[in-house]
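**Q** Supplied structure: data_26.tsv, TSV, C-alpha atoms.
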```
chain	number	residue	atom	x	y	z
A	30	MET	CA	4.61	24.30	3.80
A	31	THR	CA	7.94	24.86	2.05
A	32	ASN	CA	9.18	24.36	-1.47
A	33	SER	CA	12.09	22.12	-2.27
A	34	ILE	CA	13.65	20.66	-5.37
A	35	HIS	CA	13.04	16.98	-6.00
A	36	PRO	CA	15.92	15.45	-8.00
A	37	ASP	CA	15.37	15.71	-11.74
A	38	GLU	CA	11.91	17.21	-11.36
A	39	GLU	CA	10.14	20.54	-11.07
A	40	ARG	CA	9.51	22.35	-7.79
A	41	ARG	CA	6.99	20.61	-5.54
A	42	PRO	CA	5.52	21.67	-2.20
A	43	THR	CA	6.55	19.70	0.90
A	44	LEU	CA	4.74	19.29	4.19
A	45	ASP	CA	6.63	19.77	7.44
A	46	THR	CA	6.43	16.42	9.25
A	47	GLY	CA	7.95	17.68	12.49
A	48	GLY	CA	4.89	16.54	14.46
A	49	ALA	CA	4.81	13.05	12.94
A	50	ASP	CA	5.18	10.09	15.26
A	51	SER	CA	8.62	8.48	15.58
A	52	ALA	CA	7.61	5.33	13.64
A	53	ARG	CA	6.56	7.49	10.68
A	54	GLN	CA	9.78	9.53	10.81
A	55	GLU	CA	11.81	6.34	10.96
A	56	ASN	CA	10.32	5.32	7.58
A	57	LEU	CA	11.31	8.59	5.92
A	58	ALA	CA	14.67	8.37	4.17
A	59	GLY	CA	14.26	11.80	2.52
A	60	GLU	CA	11.70	14.48	1.90
A	61	VAL	CA	7.98	13.87	1.90
A	62	PHE	CA	6.21	15.72	-0.90
A	63	ALA	CA	2.69	17.05	-0.35
A	64	PHE	CA	0.06	17.67	-3.00
A	65	PRO	CA	-3.56	18.84	-2.89
A	66	LEU	CA	-6.09	16.06	-3.32
A	67	SER	CA	-7.88	15.44	-6.59
A	68	PRO	CA	-11.69	15.71	-6.46
A	69	ALA	CA	-11.96	11.90	-6.30
A	70	GLN	CA	-9.40	11.77	-3.48
A	71	GLU	CA	-11.29	14.51	-1.62
A	72	LYS	CA	-14.43	12.34	-1.72
A	73	MET	CA	-12.49	9.30	-0.52
A	74	TRP	CA	-10.90	11.39	2.27
A	75	ALA	CA	-14.30	12.69	3.41
A	76	ASP	CA	-15.83	9.20	3.27
A	77	ASN	CA	-12.93	7.81	5.31
A	78	ARG	CA	-13.33	10.56	7.90
A	79	ALA	CA	-17.07	9.80	8.15
A	80	ALA	CA	-16.56	6.01	8.40
A	81	PRO	CA	-12.93	5.16	9.27
A	82	GLY	CA	-11.88	1.71	8.14
A	83	ASN	CA	-14.68	1.28	5.62
A	84	PRO	CA	-13.21	-0.89	2.83
A	85	VAL	CA	-15.56	0.41	0.12
A	86	TYR	CA	-12.64	1.82	-1.91
A	87	ASN	CA	-10.44	-1.27	-1.61
A	88	ALA	CA	-9.44	-2.85	-4.91
A	89	SER	CA	-8.70	-6.55	-4.57
A	90	PHE	CA	-6.95	-8.74	-7.11
A	91	ARG	CA	-6.14	-12.44	-6.98
A	92	TRP	CA	-4.04	-14.54	-9.33
A	93	SER	CA	-3.44	-18.25	-9.44
A	94	LEU	CA	0.20	-18.94	-10.22
A	95	SER	CA	1.63	-22.28	-11.25
A	96	GLY	CA	5.20	-23.49	-11.35
A	97	PRO	CA	8.14	-22.59	-9.15
A	98	LEU	CA	7.91	-19.29	-7.31
A	99	ASP	CA	10.50	-17.61	-5.12
A	100	PRO	CA	8.57	-15.48	-2.58
A	101	ALA	CA	11.60	-13.21	-2.03
A	102	ILE	CA	11.81	-12.41	-5.75
A	103	LEU	CA	8.08	-11.64	-5.82
A	104	GLU	CA	8.42	-9.35	-2.79
A	105	ASN	CA	11.44	-7.56	-4.32
A	106	SER	CA	9.57	-7.14	-7.61
A	107	LEU	CA	6.53	-5.61	-5.90
A	108	ASN	CA	8.76	-3.27	-3.91
A	109	GLU	CA	10.47	-2.18	-7.13
A	110	ILE	CA	7.07	-1.35	-8.63
A	111	ILE	CA	6.25	0.68	-5.49
A	112	ARG	CA	9.60	2.49	-5.77
A	113	ARG	CA	8.81	3.51	-9.36
A	114	HIS	CA	5.26	4.73	-8.76
A	115	GLU	CA	4.70	7.64	-6.36
A	116	ILE	CA	1.01	6.94	-5.89
A	117	LEU	CA	1.89	3.57	-4.31
A	118	ARG	CA	3.92	5.47	-1.68
A	119	ALA	CA	1.10	7.90	-0.87
A	120	THR	CA	-0.64	8.50	2.43
A	121	PHE	CA	-3.01	11.27	3.46
A	122	ALA	CA	-2.87	13.90	6.18
A	123	GLN	CA	-4.46	17.20	7.04
A	124	ASP	CA	-2.67	20.50	7.62
A	125	ASP	CA	-3.85	24.11	7.95
A	126	SER	CA	-4.76	24.24	4.25
A	127	GLY	CA	-6.77	21.00	4.28
A	128	PRO	CA	-6.17	17.37	3.38
A	129	ARG	CA	-3.00	16.57	1.47
A	130	GLN	CA	-1.56	13.60	-0.37
A	131	LEU	CA	1.88	12.82	1.04
A	132	ILE	CA	4.41	10.98	-1.11
A	133	SER	CA	7.08	9.20	0.92
A	134	PRO	CA	10.50	8.75	-0.63
A	135	SER	CA	10.43	5.03	0.09
A	136	VAL	CA	7.97	2.37	1.19
A	137	LYS	CA	8.66	-1.34	1.52
A	138	ILE	CA	6.04	-4.02	1.96
A	139	LYS	CA	6.36	-7.58	3.17
A	140	VAL	CA	4.57	-10.38	1.32
A	141	PRO	CA	3.55	-12.93	3.94
A	142	LEU	CA	3.25	-16.58	2.90
A	143	ARG	CA	0.40	-18.65	4.31
A	144	ASP	CA	0.83	-22.39	3.91
A	145	LEU	CA	-2.46	-24.13	3.05
A	146	ARG	CA	-0.98	-27.50	2.05
A	147	SER	CA	-2.45	-29.17	5.14
A	148	VAL	CA	-6.02	-28.09	4.29
A	149	PRO	CA	-8.02	-31.06	2.94
A	150	ALA	CA	-8.46	-30.89	-0.85
A	151	ASP	CA	-12.27	-30.74	-0.63
A	152	LEU	CA	-12.03	-27.63	1.63
A	153	LEU	CA	-9.13	-25.87	-0.07
A	154	ASP	CA	-11.08	-23.72	-2.54
A	155	ALA	CA	-13.47	-22.56	0.19
A	156	GLU	CA	-10.55	-21.68	2.47
A	157	VAL	CA	-8.82	-19.70	-0.30
A	158	GLU	CA	-12.10	-17.87	-0.94
A	159	ARG	CA	-12.60	-17.15	2.78
A	160	LEU	CA	-9.06	-15.81	3.25
A	161	SER	CA	-9.25	-13.73	0.07
A	162	ALA	CA	-12.57	-12.17	1.06
A	163	ALA	CA	-11.27	-11.38	4.56
A	164	GLU	CA	-8.18	-9.69	3.10
A	165	ALA	CA	-10.21	-7.74	0.53
A	166	THR	CA	-12.35	-6.20	3.25
A	167	ARG	CA	-9.50	-5.42	5.67
A	168	SER	CA	-9.16	-1.66	6.01
A	169	PHE	CA	-6.15	0.55	5.42
A	170	GLU	CA	-4.92	3.32	7.71
A	171	ILE	CA	-4.79	6.11	5.13
A	172	GLU	CA	-2.75	8.40	7.36
A	173	LYS	CA	-0.15	5.77	8.20
A	174	GLY	CA	0.11	3.53	5.12
A	175	PRO	CA	1.19	1.68	3.20
A	176	LEU	CA	-1.94	1.72	1.07
A	177	ILE	CA	-0.97	-1.43	-0.79
A	178	ARG	CA	-0.43	-4.97	0.45
A	179	ALA	CA	0.07	-8.44	-0.98
A	180	GLY	CA	0.12	-12.00	0.28
A	181	LEU	CA	0.77	-15.53	-0.93
A	182	LEU	CA	-1.32	-18.62	-0.29
A	183	GLN	CA	0.60	-21.82	-0.91
A	184	ARG	CA	-1.82	-24.54	-2.02
A	185	GLU	CA	0.61	-27.24	-3.21
A	186	ASP	CA	4.19	-28.39	-2.94
A	187	ARG	CA	6.61	-26.84	-5.39
A	188	ASN	CA	7.36	-28.79	-8.57
```
Using structure tokens, write down the structure from this file.

**A**
Amino acid sequence: MTNSIHPDEERRPTLDTGGADSARQENLAGEVFAFPLSPAQEKMWADNRAAPGNPVYNASFRWSLSGPLDPAILENSLNEIIRRHEILRATFAQDDSGPRQLISPSVKIKVPLRDLRSVPADLLDAEVERLSAAEATRSFEIEKGPLIRAGLLQREDRN
């Protein structure tokens, strides 16, 4: 572990990622900062190690939007939120001193659009519920990330 200066901020420890896989290194535009885990994160880390892929800690949110929506603007907006909040760029790894929270300098997500306009009206709500439940229970790879995702379900034509 080395110390480096993060622009406009105090000294923070960094984790050497020399052994990281090439896909992970490709995502790193700058330094990755490493922090010890909080007690709650330590519990989550231990639970994930005991039962990898268990979605018990997933937080799922769903909104119904009406009116015109540009999926690209939504995706850009979510990525701007991720850029501003370090915790949304976090992953977890273990080094000689134990588990660490790693903050990547940049993370971008895609917001896939699933077109449900061909689903019969009497089945639409059930299909939205089924897809939402499946997504809410899909696991995250806490060592790879990202630990946030979003999607769009198009129910109707645009107005």

**Q** I'd like to know which of A:Asp154, A:Phe64, A:Ala69, A:Glu164 is closest to Asp124 in chain A, using only C-alpha atoms.

**A**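 For Asp124 in chain A, the nearest of the candidates is A:Phe64.
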
**Q** Which residues, written as a PyMOL selection string, have at least one atom at most 8 Å from Gln183 in chain A, with all atoms listed in the file counted and residues fewer than 3 positions away on the same chain left out?

**A** chain A and resi 142-146+186

**Q** Sort by chain and increasing residue number a table of all residues of range 118-175 of chain A within 9 Å of range 104-110 of chain A, each with its closest pair of atoms and their distance in Å to one decimal, counting all atoms listed in the file, and write it as CSV.

**A**
```
residue,atom,partner,partner_atom,distance
A:Val136,CA,A:Asn108,CA,7.6
A:Lys137,CA,A:Asn108,CA,5.8
A:Ile138,CA,A:Asn108,CA,6.5
A:Lys139,CA,A:Glu104,CA,6.5
A:Val140,CA,A:Glu104,CA,5.7
```

**Q** Between A:Ile132, A:Leu152, A:Leu117, A:Met73, which has the minimum distance to Glu60 in chain A (counting all atoms listed in the file)?

**A** A:Ile132

**Q** Measure the distance from CA of Ala122 in chain A to CA of Glu172 in chain A in Å and round it to one decimal.

**A**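 Rounded to one decimal, the two atoms are 5.6 Å apart.
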
**Q** Find, counting only C-alpha atoms, the residue in A:Gln70, A:Gly59, A:Gln130, A:Leu98 that gets nearest to Tyr86 in chain A.

**A** A:Gln70

**Q** Using Å and a single decimal, report how far CA of Phe62 in chain A sits from CA of Ala79 in chain A.

**A**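 CA of Phe62 in chain A lies at a distance of 25.7 Å from CA of Ala79 in chain A.
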
**Q** Go ahead and find all residues with at least one atom no further than 10 Å from (-7.4, -4.1, 4.9) in the file's coordinates, using all atoms listed in the file; report them as a ChimeraX atom specification.

**A** /A:82-84,87,89,163-170,176-178

**Q** What gap, in Å, lies between CA of Ala155 in chain A and CA of Glu185 in chain A?

**A**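 Result for CA of Ala155 in chain A versus CA of Glu185 in chain A: 15.2 Å, one decimal.
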